[in-house]
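S.K.: Structure below; questions to follow.
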Amino acid sequence: MATSKIIQDIEASFVRKHADFRPGDTVRVHLKILEGDKERVQAFEGVCIARRRGGNRGTITVRKMSFGQGVERIFPLSSPRIEKIDVVQRGRVRRSKLFYLRNLRGKKARIKAQTTFGNESSSG
């Protein structure tokens with residue numbers, strides 16, 4: 001058996017399942033935060049502007065506006081600190097990397113909401 005095949009098999013056992021989302025979707029990432037000896041869950045909500053790689057090594061970049069400043073955070077999808085990822089709203093975009101949003105402000109930085117069809121249920 002080739003070395004790369006062995007590595008792929010080992011990585012496949014560590015892959016975590018998250019909600020199905022794409023760049024342009026507004027997501028809420030629930031993170032476990034350690035403060036002293038206590039652990040709590042903190043949510044980071046923003047637009048997914050990039051998704052890199054797949055499987056165990058995948059990362060997502062989430063951008064939000066906080067007090068008028070753009071804040072971006074990169075999350076490894078296999079991180080044990082991520083409790084769950086919720087999709088708040090589906091976005092309709094034509095790019096896989098939405099780095100152009102960094103230069104836009106206000107209403108120009110909005111992403112059109114995608115209408116839901118089929119089995120997808122809309123949660124209020």
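Labels for the structure tokens follow display order: chains A, B, ..., residues from 1 in each chain, ligands from 1.
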Chain A: which residues are strand (DSSP E) by DSSP, as an NGL selection string?
M.R.: :A and (26-35 or 38-52 or 59-66 or 69-76 or 82-89)
S.K.: Can you pull out the residues contacting A:Ala43? Cut-off 7 Å, using only C-alpha atoms, and skip same-chain residues under 3 positions away; I want them as an MDAnalysis selection string.
M.R.: chainID A and resid 28:31
S.K.: Would you give me, as a list in words, the residues in chain A that DSSP reads as alpha helix (DSSP H)?
M.R.: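 Everything in chain A that counts as alpha helix (DSSP H) is Thr3, Ser4, Lys5, Ile6, Ile7, Gln8, Asp9, Ile10, Glu11 and Ala12 of chain A.
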S.K.: Between A:Thr115, A:Phe44, A:Gly106, A:Leu34, which is the closest to A:Gly91 once you count only C-alpha atoms?
M.R.: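 Selected residue with least distance to A:Gly91: A:Thr115.
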S.K.: Given only C-alpha atoms as the basis, pick out the residue of A:Glu45, A:Gly70, A:Ala50, A:Asp20 nearest to A:Asn103.
M.R.: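 Nearest candidate to A:Asn103 out of A:Glu45, A:Gly70, A:Ala50, A:Asp20: A:Gly70.
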S.K.: List the spatial neighbours of stretch 72-76 of chain A as a PyMOL selection string - criterion: any atom at most 9 Å away, only C-alpha atoms, same-chain residues fewer than 3 positions off excluded.
M.R.: chain A and resi 29+44+46+56-65+79+82
S.K.: Between A:Lys5, A:Gly68, A:Ile49, A:Ser13, which one has atoms that come closest to A:Arg105, using only C-alpha atoms?
M.R.: A:Gly68
S.K.: If we count only C-alpha atoms and set the cut-off at 12 Å, which residues sit around A:Arg92, ignoring sequence neighbours fewer than 6 positions away in its own chain? Please answer as a VMD selection string.
M.R.: chain A and resid 21 to 26 47 to 48 98 110 to 116
